[in-house]
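So this one's coords-v5.txt, compact mmCIF, C-alpha atoms:
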# COMPACT_ATOMS: atom_id res chain seq x y z
CA MET I 271 0.00 0.00 0.00
CA GLN I 272 1.42 3.39 -1.01
CA GLN I 273 2.03 5.82 1.85
CA GLU I 274 0.05 9.04 1.77
CA LYS I 275 2.05 12.13 0.78
CA MET I 276 1.97 15.76 1.87
CA ALA I 277 3.53 19.03 0.74
CA ALA I 278 6.54 20.37 2.65
CA ILE I 279 9.52 22.68 2.26
CA GLY I 280 12.88 20.93 2.54
CA SER I 281 16.62 21.20 2.00
CA TYR I 282 18.92 18.57 0.52
CA ARG I 283 22.16 20.34 1.47
CA GLY I 284 23.41 23.62 2.88
CA LEU I 285 23.22 26.35 0.25
CA PRO I 286 23.11 30.17 0.26
CA LEU I 287 19.61 31.65 0.03
CA GLY I 288 20.36 33.06 -3.41
CA ASP I 289 20.21 29.48 -4.68
CA ARG I 290 16.57 28.44 -5.23
CA ASP I 291 17.52 24.91 -4.15
CA SER I 292 18.37 26.13 -0.63
CA LEU I 293 14.71 25.56 0.28
CA GLN I 294 12.53 23.54 -2.10
CA ASP I 295 8.88 22.56 -2.38
CA VAL I 296 8.81 18.78 -1.92
CA ASP I 297 6.35 15.94 -1.39
CA VAL I 298 7.13 13.67 1.55
CA PRO I 299 5.27 10.90 3.40
CA VAL I 300 2.74 11.96 6.03
CA PRO I 301 4.48 11.33 9.41
CA GLN I 302 3.64 8.17 11.31
CA LEU I 303 2.49 8.81 14.87
CA ARG I 304 4.26 7.49 17.93
CA PRO I 305 1.97 6.59 20.88
CA ARG I 306 2.38 10.02 22.58
CA ASP I 307 2.22 12.07 19.33
CA VAL I 308 -0.41 14.42 18.02
CA LEU I 309 -0.62 15.10 14.28
CA VAL I 310 -0.91 18.87 13.76
CA ARG I 311 -2.16 20.51 10.57
CA VAL I 312 0.24 23.46 10.51
CA SER I 313 -1.25 26.91 9.95
CA ALA I 314 1.78 29.11 10.69
CA VAL I 315 5.48 28.81 11.52
CA SER I 316 8.11 31.29 12.56
CA VAL I 317 11.73 31.33 11.44
CA ASN I 318 14.42 31.41 14.11
CA PRO I 319 18.20 31.84 13.91
CA ALA I 320 18.38 28.08 14.57
CA ASP I 321 16.54 27.40 11.28
CA VAL I 322 18.94 29.66 9.39
CA LYS I 323 22.09 28.16 10.92
CA ILE I 324 20.99 24.56 10.43
CA ARG I 325 19.86 25.17 6.83
CA ALA I 326 23.16 26.81 5.88
CA SER I 327 25.28 23.95 7.25
CA LEU I 328 23.30 20.85 6.21
CA PRO I 329 25.39 17.98 4.83
CA PRO I 330 24.26 16.54 1.47
CA SER I 331 21.40 14.06 1.79
CA GLN I 332 19.17 11.98 -0.47
CA GLN I 333 16.19 12.85 1.74
CA PRO I 334 15.04 16.44 2.32
CA ARG I 335 15.51 17.90 5.79
CA ILE I 336 12.25 19.53 6.91
CA LEU I 337 13.06 22.46 9.19
CA GLY I 338 10.75 24.58 11.32
CA PHE I 339 10.52 24.53 15.12
CA ASP I 340 7.81 27.03 16.03
CA GLY I 341 4.38 25.91 14.95
CA ALA I 342 0.70 26.70 15.45
CA GLY I 343 -2.18 24.72 14.04
CA VAL I 344 -5.00 22.27 14.69
CA VAL I 345 -4.75 18.69 15.99
CA GLU I 346 -5.88 16.32 13.23
CA ALA I 347 -5.14 12.94 14.82
CA THR I 348 -3.76 11.53 18.08
CA GLY I 349 -1.54 8.60 18.99
CA SER I 350 -2.79 5.67 21.03
CA ASP I 351 -1.50 6.98 24.38
CA VAL I 352 -2.37 10.69 24.04
CA SER I 353 -4.38 11.90 27.04
CA THR I 354 -4.05 15.70 27.16
CA LEU I 355 -5.18 16.84 23.69
CA SER I 356 -8.00 16.01 21.28
CA VAL I 357 -8.73 16.29 17.57
CA GLY I 358 -9.78 19.86 16.78
CA ASP I 359 -7.68 21.52 19.50
CA GLU I 360 -5.87 24.69 18.42
CA VAL I 361 -2.28 24.31 19.62
CA TRP I 362 1.17 25.85 19.62
CA TYR I 363 4.59 24.35 20.26
CA ALA I 364 8.35 24.57 19.74
CA GLY I 365 9.30 21.26 18.20
CA ASP I 366 12.06 18.71 18.41
CA VAL I 367 15.35 19.21 16.55
CA THR I 368 15.70 15.43 16.13
CA ARG I 369 12.47 15.10 14.08
CA PRO I 370 11.04 16.57 10.85
CA GLY I 371 9.75 20.06 11.55
CA SER I 372 6.82 22.38 10.99
CA ASN I 373 7.60 23.54 7.43
CA ALA I 374 5.00 21.08 6.17
CA GLU I 375 1.28 20.49 5.91
CA LEU I 376 1.35 18.09 8.86
CA GLU I 377 3.74 17.52 11.75
CA ALA I 378 3.92 14.79 14.37
CA VAL I 379 4.77 16.25 17.78
CA ASP I 380 4.97 14.69 21.24
CA GLU I 381 1.93 15.85 23.25
CA ARG I 382 4.21 16.64 26.21
CA ILE I 383 5.66 19.65 24.36
CA VAL I 384 2.38 20.85 22.83
CA ALA I 385 -0.09 23.20 24.55
CA ARG I 386 -3.36 24.84 23.61
CA LYS I 387 -2.55 28.14 21.94
CA PRO I 388 -3.71 31.46 23.41
CA GLY I 389 -7.31 31.96 22.35
CA SER I 390 -6.74 35.69 21.89
CA LEU I 391 -4.08 35.20 19.19
CA THR I 392 -4.30 34.25 15.53
CA PHE I 393 -2.22 31.29 14.39
CA ALA I 394 0.39 33.69 12.95
CA GLU I 395 0.57 35.72 16.17
CA ALA I 396 0.90 32.52 18.21
CA ALA I 397 3.59 30.95 16.01
CA ALA I 398 5.96 33.82 16.85
CA LEU I 399 6.32 32.87 20.51
CA PRO I 400 6.91 29.21 21.53
CA LEU I 401 10.64 28.73 20.93
CA THR I 402 11.67 32.16 22.15
CA ALA I 403 9.33 32.07 25.15
CA THR I 404 10.73 28.65 26.11
CA THR I 405 14.30 29.92 25.78
CA ALA I 406 13.52 33.03 27.81
CA TRP I 407 11.61 31.15 30.51
CA GLU I 408 14.30 28.47 30.92
CA THR I 409 16.97 31.18 31.10
CA LEU I 410 15.21 33.29 33.70
CA VAL I 411 13.67 30.57 35.86
CA GLU I 412 15.89 27.50 35.41
CA ARG I 413 19.34 28.96 34.70
CA PHE I 414 19.22 32.17 36.76
CA GLY I 415 16.73 30.87 39.33
CA LEU I 416 14.77 34.14 39.33
CA THR I 417 11.42 34.52 41.09
CA SER I 418 8.95 37.31 41.81
CA GLY I 419 11.06 38.15 44.86
CA SER I 420 14.33 38.46 42.91
CA ARG I 421 16.04 41.83 42.68
CA GLY I 422 19.15 43.08 40.88
CA THR I 423 19.80 44.05 37.27
CA LEU I 424 19.37 41.91 34.15
CA LEU I 425 21.06 42.87 30.87
CA VAL I 426 19.44 41.43 27.74
CA LEU I 427 21.70 41.73 24.69
CA GLY I 428 20.20 41.69 21.20
CA ALA I 429 17.01 42.71 22.96
CA ALA I 430 14.98 43.63 19.85
CA GLY I 431 15.33 40.11 18.44
CA GLY I 432 12.97 37.20 19.03
CA VAL I 433 14.36 35.93 22.33
CA GLY I 434 15.08 39.40 23.69
CA SER I 435 11.59 40.66 22.85
CA VAL I 436 9.90 38.04 25.00
CA MET I 437 12.70 37.93 27.61
CA ILE I 438 12.04 41.58 28.50
CA GLN I 439 8.33 40.91 28.96
CA LEU I 440 8.76 37.73 31.01
CA ALA I 441 11.42 39.32 33.21
CA LYS I 442 9.03 42.17 34.04
CA GLU I 443 6.12 39.78 34.68
CA LEU I 444 7.85 36.95 36.54
CA THR I 445 10.63 38.69 38.48
CA GLY I 446 11.48 41.86 40.34
CA VAL I 447 14.70 42.62 38.44
CA ARG I 448 15.50 45.83 36.63
CA VAL I 449 15.87 45.19 32.89
CA LEU I 450 18.52 46.79 30.69
CA ALA I 451 18.08 46.10 26.98
CA SER I 452 20.69 46.58 24.27
CA ALA I 453 19.55 48.20 21.03
CA SER I 454 21.22 50.62 18.64
CA ARG I 455 18.81 51.71 15.89
CA PRO I 456 15.98 54.13 16.76
CA GLN I 457 13.31 51.54 15.79
CA SER I 458 14.96 48.91 17.98
CA ARG I 459 15.25 51.27 20.93
CA ASP I 460 11.57 52.25 20.63
CA TRP I 461 10.57 48.58 20.38
CA VAL I 462 12.37 47.43 23.55
CA ARG I 463 11.04 50.40 25.54
CA GLU I 464 7.53 49.50 24.36
CA LEU I 465 8.03 45.98 25.68
CA GLY I 466 8.98 47.24 29.14
CA ALA I 467 12.76 47.72 29.27
CA ASP I 468 13.76 50.04 32.13
CA GLU I 469 16.85 51.36 30.34
CA VAL I 470 18.32 50.98 26.85
CA VAL I 471 22.06 50.53 26.30
CA ASP I 472 24.07 50.40 23.07
CA HIS I 473 25.98 47.22 22.24
CA ARG I 474 28.37 49.27 20.07
CA ASP I 475 29.57 51.03 23.23
CA LEU I 476 28.52 48.38 25.72
CA VAL I 477 30.86 48.99 28.64
CA ALA I 478 30.35 52.76 28.77
CA THR I 479 26.56 52.68 28.35
CA VAL I 480 26.09 49.87 30.88
CA ARG I 481 28.28 51.68 33.39
CA GLN I 482 26.12 54.76 32.94
CA ALA I 483 22.89 52.80 33.44
CA ALA I 484 24.21 50.46 36.16
CA PRO I 485 27.35 51.93 37.77
CA GLU I 486 27.81 48.91 40.05
CA GLY I 487 27.43 46.42 37.19
CA VAL I 488 24.74 43.90 36.28
CA ASP I 489 23.84 40.71 38.14
CA TYR I 490 22.51 38.72 35.17
CA LEU I 491 23.41 38.86 31.49
CA VAL I 492 21.85 37.07 28.49
CA SER I 493 24.34 36.54 25.67
CA PRO I 494 23.26 35.71 22.10
CA TYR I 495 26.63 36.85 20.67
CA SER I 496 29.32 35.48 22.98
CA ARG I 497 32.36 35.31 20.69
CA GLY I 498 34.69 38.26 21.25
CA ASN I 499 32.64 39.66 24.13
CA ILE I 500 33.86 37.77 27.19
CA GLU I 501 36.30 40.45 28.32
CA ARG I 502 33.58 43.09 28.10
CA TYR I 503 31.25 40.86 30.09
CA ALA I 504 33.93 40.50 32.75
CA GLU I 505 33.95 44.28 33.10
CA ILE I 506 30.21 44.85 33.41
CA VAL I 507 29.02 41.81 35.41
CA ARG I 508 29.26 42.09 39.18
CA PRO I 509 31.23 39.60 41.30
CA PHE I 510 29.30 36.30 41.67
CA GLY I 511 27.04 37.30 38.78
CA HIS I 512 25.54 34.98 36.18
CA ILE I 513 25.67 34.82 32.38
CA THR I 514 23.60 32.56 30.14
CA GLY I 515 24.84 31.94 26.61
CA ILE I 516 22.10 31.13 24.08
CA ASP I 517 24.50 30.73 21.15
CA ALA I 518 27.11 28.02 20.62
CA PRO I 519 30.45 29.48 19.51
CA GLY I 520 33.45 27.18 19.43
CA GLY I 521 36.65 27.79 21.39
CA LEU I 522 35.18 30.24 23.90
CA ASP I 523 37.72 31.37 26.50
CA LEU I 524 35.90 32.09 29.77
CA ARG I 525 39.00 32.76 31.87
CA PRO I 526 38.37 36.52 32.11
CA LEU I 527 35.29 35.68 34.24
CA VAL I 528 37.29 33.75 36.86
CA PRO I 529 38.48 36.66 39.09
CA LYS I 530 34.86 37.67 39.77
CA SER I 531 33.66 34.06 40.19
CA ILE I 532 31.05 34.70 37.48
CA THR I 533 28.94 31.65 36.63
CA TRP I 534 28.39 30.75 32.96
CA HIS I 535 25.24 28.81 32.00
CA TRP I 536 24.22 27.37 28.64
CA GLU I 537 20.62 27.45 27.44
CA TYR I 538 19.56 25.03 24.70
CA MET I 539 15.81 24.64 24.54
CA PHE I 540 16.03 21.32 22.68
CA THR I 541 17.82 19.53 25.55
CA ARG I 542 14.67 17.95 26.98
CA THR I 543 13.46 16.59 23.63
CA THR I 544 16.91 15.48 22.45
CA TYR I 545 17.51 13.43 25.59
CA GLN I 546 13.86 12.60 26.37
CA THR I 547 14.36 13.76 29.94
CA PRO I 548 11.83 12.54 32.54
CA ASP I 549 10.49 16.10 32.96
CA LEU I 550 9.66 16.54 29.26
CA ALA I 551 6.11 17.71 30.13
CA VAL I 552 7.62 20.87 31.67
CA ARG I 553 7.60 22.19 28.11
CA LYS I 554 3.79 21.85 27.91
CA GLU I 555 3.33 23.41 31.36
CA LEU I 556 5.54 26.36 30.44
CA LEU I 557 3.62 27.11 27.22
CA THR I 558 0.30 26.72 29.03
CA THR I 559 1.41 29.34 31.56
CA VAL I 560 2.62 31.68 28.82
CA ALA I 561 -0.69 31.25 26.98
CA GLY I 562 -2.46 32.36 30.15
CA LEU I 563 -0.23 35.44 30.39
CA VAL I 564 -0.99 36.28 26.77
CA ASP I 565 -4.74 35.91 27.19
CA ALA I 566 -4.56 38.05 30.34
CA LYS I 567 -2.85 40.77 28.24
CA ARG I 568 0.29 40.57 30.35
CA ILE I 569 2.46 39.32 27.46
CA ARG I 570 2.06 40.34 23.82
CA THR I 571 3.04 38.57 20.64
CA THR I 572 6.40 39.53 19.19
CA LEU I 573 5.22 39.08 15.59
CA THR I 574 6.30 42.00 13.38
CA THR I 575 6.36 40.51 9.86
CA THR I 576 3.89 38.04 8.32
CA ILE I 577 4.61 36.37 4.98
CA SER I 578 1.37 34.83 3.67
CA ASP I 579 3.11 32.37 1.35
CA PHE I 580 3.61 28.90 2.85
CA THR I 581 5.92 27.76 0.05
CA ALA I 582 9.66 27.51 -0.51
CA ALA I 583 9.66 31.07 -1.87
CA GLY I 584 7.95 32.40 1.26
CA LEU I 585 10.32 30.50 3.55
CA ARG I 586 13.36 31.75 1.62
CA GLU I 587 12.18 35.33 2.13
CA ALA I 588 11.68 34.70 5.85
CA HIS I 589 15.16 33.15 6.14
CA ARG I 590 16.60 36.16 4.30
CA LEU I 591 15.06 38.57 6.81
CA VAL I 592 16.30 36.57 9.81
CA GLU I 593 19.74 36.02 8.26
CA SER I 594 20.16 39.80 7.88
CA GLU I 595 20.20 40.07 11.73
CA HIS I 596 18.29 43.36 11.44
CA ALA I 597 14.83 41.92 12.01
CA ILE I 598 12.90 43.34 14.97
CA GLY I 599 10.70 40.81 16.75
CA LYS I 600 9.68 37.71 14.80
CA VAL I 601 9.06 36.77 11.15
CA VAL I 602 6.19 34.34 10.58
CA VAL I 603 5.13 32.40 7.47
CA ALA I 604 1.40 31.67 7.43
CA ARG I 605 -1.01 29.88 5.15
CA GLN I 606 -3.57 31.96 3.31
CA PRO I 607 -6.79 32.01 5.38

Would it be possible to restate this file's structure as structure tokens?
Amino acid sequence: MQQEKMAAIGSYRGLPLGDRDSLQDVDVPVPQLRPRDVLVRVSAVSVNPADVKIRASLPPSQQPRILGFDGAGVVEATGSDVSTLSVGDEVWYAGDVTRPGSNAELEAVDERIVARKPGSLTFAEAAALPLTATTAWETLVERFGLTSGSRGTLLVLGAAGGVGSVMIQLAKELTGVRVLASASRPQSRDWVRELGADEVVDHRDLVATVRQAAPEGVDYLVSPYSRGNIERYAEIVRPFGHITGIDAPGGLDLRPLVPKSITWHWEYMFTRTTYQTPDLAVRKELLTTVAGLVDAKRIRTTLTTTISDFTAAGLREAHRLVESEHAIGKVVVARQP
């Protein structure tokens, strides 16, 4: 019996975006469900730096790699052991880097990382948030250990980007810290202030502007661009402070942080799914809580650009915007209503 096919957007090898083969319209088999999977008909996806980096470095393959981690859509079928979701549920999720992704008509996702989407958001507005909200939440709550009673100063670098845009909001909602946000262009500075940043600093003159805003230094720092910045971090982070790196540069020398006993954390939001950790359902709980904050108007979507073209051409345009590193907020690709 021939397996049913579906449309998807895939890559056979890493290529620059100028090459039309970098992302191609392909037909692939409809995914087979594992017992804990839901099958989601995907309505919208967002493009993250992770998509761009993985696409650019893919080794040659006979089978297309289907990228896409953020997704929002409707549950179309459920596996035999699914107990928390039903057919027809509107959901959102940040997927699993070890499985085919959301750049497809249908995606199989473990129910433990899928939550009901905020009812107040469209699918496009919802798709902007899951991966970045998970990264921000895990950084603030699990890496830094911050609570509503926490005080001190948090510096969010690259604050107008996807992670920074939701990190500012969650820090203001979940903790008592003062938030400094780095931004350089007028539009970026306006954006981070709108989201709740207490002060804006300039990454092009980081040490001087941070010293002006926080003369005694910062207690917590979020680093999306760690290479070449460690010595500057050592200057602006207070003794016994904490830094979380959300990038993955090779050969990073952390020795400048030693004299101040500064702790370095790594945040990789795919750890739980990659290693199937026993607490995998934390991902669902986190997104359920964020959905509640959104519907209570305490957190807003970070969507700024919607591309209504769920094809290879639309995805290439979204990758181009994200690859430029000038995008404010999030870029989403949505199906035509």

Leaving out Glu486 of chain I and any residue of its chain fewer than 3 positions from it, which residues lie within 12 Å of it when counting all atoms listed in the file, given as a PyMOL selection string?
chain I and resi 422-423+477+480-483+489+505-509+511

What gap, in Å, lies between atom CA of Arg459 of chain I and atom CA of Ala394 of chain I?
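Between atom CA of Arg459 of chain I and atom CA of Ala394 of chain I the gap is 24.4 Å.
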
Could you pull the residues within 8 Å of Ala364 of chain I, counting only C-alpha atoms, minus those fewer than 6 positions along the same chain, as a list of chain:residue names?
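Using only C-alpha atoms, the neighbours found are I:Phe339, I:Asp340, I:Gly341, I:Ile383, I:Val384, I:Pro400, I:Leu401, I:Thr404.
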
Who sits within 8 Å of Asp295 of chain I, only C-alpha atoms, same chain under 5 positions skipped, as number ranges by chain:
I: 277-280, 581-582

Identify which of the residues I:Leu550, I:Ala342, I:Leu476, I:Ile516 lies closest to Thr409 of chain I, counting all atoms listed in the file when measuring atom-to-atom distances.
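Between I:Leu550, I:Ala342, I:Leu476, I:Ile516, the residue approaching Thr409 of chain I most closely is I:Ile516.
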
Hey, what's within 12 Å of Glu595 of chain I if we count only C-alpha atoms and toss same-chain stuff fewer than 3 positions away? As a PyMOL selection string, please?
chain I and resi 318-319+322+428-432+494-495+588-592+598-601

Looking at I:Thr547, I:Thr571, I:Ser313, I:Thr402, which one is nearest to Val361 of chain I, with distances taken over only C-alpha atoms?
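So, comparing all the options, the nearest one is I:Ser313.
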
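The neighbours of Val603 of chain I here are the residues that come within 7 Å of it, using only C-alpha atoms and leaving out any residue fewer than 5 positions away in the same chain; they are I:Ala314, I:Val315, I:Ser316, I:Thr576, I:Ile577, I:Ser578, I:Asp579, I:Phe580, I:Gly584, I:Leu585.
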
Counting only C-alpha atoms, which of I:Arg525, I:Val449, I:Thr514, I:Arg325 gets nearest to Asp291 of chain I?
I:Arg325

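The coordinates place atom CA of Ala518 of chain I at 25.5 Å from atom CA of Gly288 of chain I.
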
Which residue out of I:Gln294, I:Ser493, I:Thr543, I:Ser452 has the minimum interatomic distance to Val379 of chain I when all atoms listed in the file are used?
I:Thr543

Which residue is closest to Ala347 of chain I? Choose from I:Arg304, I:Lys387, I:Arg335, I:Arg568 and count only C-alpha atoms.
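Nearest candidate to Ala347 of chain I out of I:Arg304, I:Lys387, I:Arg335, I:Arg568: I:Arg304.
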
Quick one: of I:Val492, I:Leu376, I:Val317, I:Ala403, who's nearest to Ala561 of chain I, counting only C-alpha atoms?
I:Ala403

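You will find atom CA of Thr417 of chain I at 16.7 Å from atom CA of Ile513 of chain I.
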
Here's a test: counting only C-alpha atoms, identify every protein, DNA and RNA residue with an atom at most 12 Å from (20.0, 48.1, 9.2) in the file's coordinate frame, and state them as a PDB file with C-alpha atoms, keeping the file's coordinate frame.
ATOM      1  CA  ALA I 453      19.550  48.200  21.030  1.00  0.00           C
ATOM      2  CA  SER I 454      21.220  50.620  18.640  1.00  0.00           C
ATOM      3  CA  ARG I 455      18.810  51.710  15.890  1.00  0.00           C
ATOM      4  CA  PRO I 456      15.980  54.130  16.760  1.00  0.00           C
ATOM      5  CA  GLN I 457      13.310  51.540  15.790  1.00  0.00           C
ATOM      6  CA  SER I 458      14.960  48.910  17.980  1.00  0.00           C
ATOM      7  CA  LEU I 591      15.060  38.570   6.810  1.00  0.00           C
ATOM      8  CA  SER I 594      20.160  39.800   7.880  1.00  0.00           C
ATOM      9  CA  GLU I 595      20.200  40.070  11.730  1.00  0.00           C
ATOM     10  CA  HIS I 596      18.290  43.360  11.440  1.00  0.00           C
ATOM     11  CA  ALA I 597      14.830  41.920  12.010  1.00  0.00           C
ATOM     12  CA  ILE I 598      12.900  43.340  14.970  1.00  0.00           C
TER      13      ILE I 598
END

Would you mind completing segment 438-463 of chain I so that it carries N, CA and C atoms, and writing it out as a PDB file, in the coordinates of the input?
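After the write, result.pdb holds the following:
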ATOM      1  N   ILE I 438      12.352  40.341  27.790  1.00  0.00           N
ATOM      2  CA  ILE I 438      12.040  41.580  28.500  1.00  0.00           C
ATOM      3  C   ILE I 438      10.677  41.454  29.188  1.00  0.00           C
ATOM      4  N   GLN I 439       9.696  40.989  28.431  1.00  0.00           N
ATOM      5  CA  GLN I 439       8.330  40.910  28.960  1.00  0.00           C
ATOM      6  C   GLN I 439       8.231  39.917  30.114  1.00  0.00           C
ATOM      7  N   LEU I 440       8.829  38.733  29.952  1.00  0.00           N
ATOM      8  CA  LEU I 440       8.760  37.730  31.010  1.00  0.00           C
ATOM      9  C   LEU I 440       9.519  38.170  32.253  1.00  0.00           C
ATOM     10  N   ALA I 441      10.652  38.837  32.053  1.00  0.00           N
ATOM     11  CA  ALA I 441      11.420  39.320  33.210  1.00  0.00           C
ATOM     12  C   ALA I 441      10.592  40.312  34.021  1.00  0.00           C
ATOM     13  N   LYS I 442       9.859  41.178  33.339  1.00  0.00           N
ATOM     14  CA  LYS I 442       9.030  42.170  34.040  1.00  0.00           C
ATOM     15  C   LYS I 442       7.825  41.516  34.713  1.00  0.00           C
ATOM     16  N   GLU I 443       7.301  40.440  34.127  1.00  0.00           N
ATOM     17  CA  GLU I 443       6.120  39.780  34.680  1.00  0.00           C
ATOM     18  C   GLU I 443       6.449  38.783  35.786  1.00  0.00           C
ATOM     19  N   LEU I 444       7.552  38.063  35.646  1.00  0.00           N
ATOM     20  CA  LEU I 444       7.850  36.950  36.540  1.00  0.00           C
ATOM     21  C   LEU I 444       8.812  37.302  37.666  1.00  0.00           C
ATOM     22  N   THR I 445       9.564  38.383  37.519  1.00  0.00           N
ATOM     23  CA  THR I 445      10.630  38.690  38.480  1.00  0.00           C
ATOM     24  C   THR I 445      10.549  40.147  38.918  1.00  0.00           C
ATOM     25  N   GLY I 446      11.404  40.476  39.875  1.00  0.00           N
ATOM     26  CA  GLY I 446      11.480  41.860  40.340  1.00  0.00           C
ATOM     27  C   GLY I 446      12.739  42.559  39.879  1.00  0.00           C
ATOM     28  N   VAL I 447      13.432  42.023  38.872  1.00  0.00           N
ATOM     29  CA  VAL I 447      14.700  42.620  38.440  1.00  0.00           C
ATOM     30  C   VAL I 447      14.466  43.846  37.572  1.00  0.00           C
ATOM     31  N   ARG I 448      15.464  44.699  37.553  1.00  0.00           N
ATOM     32  CA  ARG I 448      15.500  45.830  36.630  1.00  0.00           C
ATOM     33  C   ARG I 448      16.075  45.329  35.316  1.00  0.00           C
ATOM     34  N   VAL I 449      15.479  45.735  34.191  1.00  0.00           N
ATOM     35  CA  VAL I 449      15.870  45.190  32.890  1.00  0.00           C
ATOM     36  C   VAL I 449      16.549  46.260  32.042  1.00  0.00           C
ATOM     37  N   LEU I 450      17.807  45.990  31.682  1.00  0.00           N
ATOM     38  CA  LEU I 450      18.520  46.790  30.690  1.00  0.00           C
ATOM     39  C   LEU I 450      18.461  46.030  29.369  1.00  0.00           C
ATOM     40  N   ALA I 451      18.192  46.734  28.292  1.00  0.00           N
ATOM     41  CA  ALA I 451      18.080  46.100  26.980  1.00  0.00           C
ATOM     42  C   ALA I 451      19.040  46.777  26.013  1.00  0.00           C
ATOM     43  N   SER I 452      19.788  45.979  25.252  1.00  0.00           N
ATOM     44  CA  SER I 452      20.690  46.580  24.270  1.00  0.00           C
ATOM     45  C   SER I 452      19.984  46.715  22.931  1.00  0.00           C
ATOM     46  N   ALA I 453      20.105  47.903  22.349  1.00  0.00           N
ATOM     47  CA  ALA I 453      19.550  48.200  21.030  1.00  0.00           C
ATOM     48  C   ALA I 453      20.281  49.415  20.509  1.00  0.00           C
ATOM     49  N   SER I 454      20.447  49.506  19.192  1.00  0.00           N
ATOM     50  CA  SER I 454      21.220  50.620  18.640  1.00  0.00           C
ATOM     51  C   SER I 454      20.405  51.504  17.703  1.00  0.00           C
ATOM     52  N   ARG I 455      19.585  50.905  16.832  1.00  0.00           N
ATOM     53  CA  ARG I 455      18.810  51.710  15.890  1.00  0.00           C
ATOM     54  C   ARG I 455      17.600  52.342  16.593  1.00  0.00           C
ATOM     55  N   PRO I 456      17.137  53.485  16.120  1.00  0.00           N
ATOM     56  CA  PRO I 456      15.980  54.130  16.760  1.00  0.00           C
ATOM     57  C   PRO I 456      14.759  53.222  16.849  1.00  0.00           C
ATOM     58  N   GLN I 457      14.478  52.438  15.766  1.00  0.00           N
ATOM     59  CA  GLN I 457      13.310  51.540  15.790  1.00  0.00           C
ATOM     60  C   GLN I 457      13.476  50.466  16.850  1.00  0.00           C
ATOM     61  N   SER I 458      14.696  49.947  16.983  1.00  0.00           N
ATOM     62  CA  SER I 458      14.960  48.910  17.980  1.00  0.00           C
ATOM     63  C   SER I 458      14.822  49.458  19.393  1.00  0.00           C
ATOM     64  N   ARG I 459      15.329  50.657  19.605  1.00  0.00           N
ATOM     65  CA  ARG I 459      15.250  51.270  20.930  1.00  0.00           C
ATOM     66  C   ARG I 459      13.785  51.527  21.314  1.00  0.00           C
ATOM     67  N   ASP I 460      12.993  52.018  20.354  1.00  0.00           N
ATOM     68  CA  ASP I 460      11.570  52.250  20.630  1.00  0.00           C
ATOM     69  C   ASP I 460      10.865  50.938  20.949  1.00  0.00           C
ATOM     70  N   TRP I 461      11.206  49.884  20.214  1.00  0.00           N
ATOM     71  CA  TRP I 461      10.570  48.580  20.380  1.00  0.00           C
ATOM     72  C   TRP I 461      10.817  48.020  21.782  1.00  0.00           C
ATOM     73  N   VAL I 462      12.075  48.036  22.243  1.00  0.00           N
ATOM     74  CA  VAL I 462      12.370  47.430  23.550  1.00  0.00           C
ATOM     75  C   VAL I 462      11.777  48.262  24.693  1.00  0.00           C
ATOM     76  N   ARG I 463      11.696  49.569  24.511  1.00  0.00           N
ATOM     77  CA  ARG I 463      11.040  50.400  25.540  1.00  0.00           C
ATOM     78  C   ARG I 463       9.551  50.058  25.616  1.00  0.00           C
TER      79      ARG I 463
END
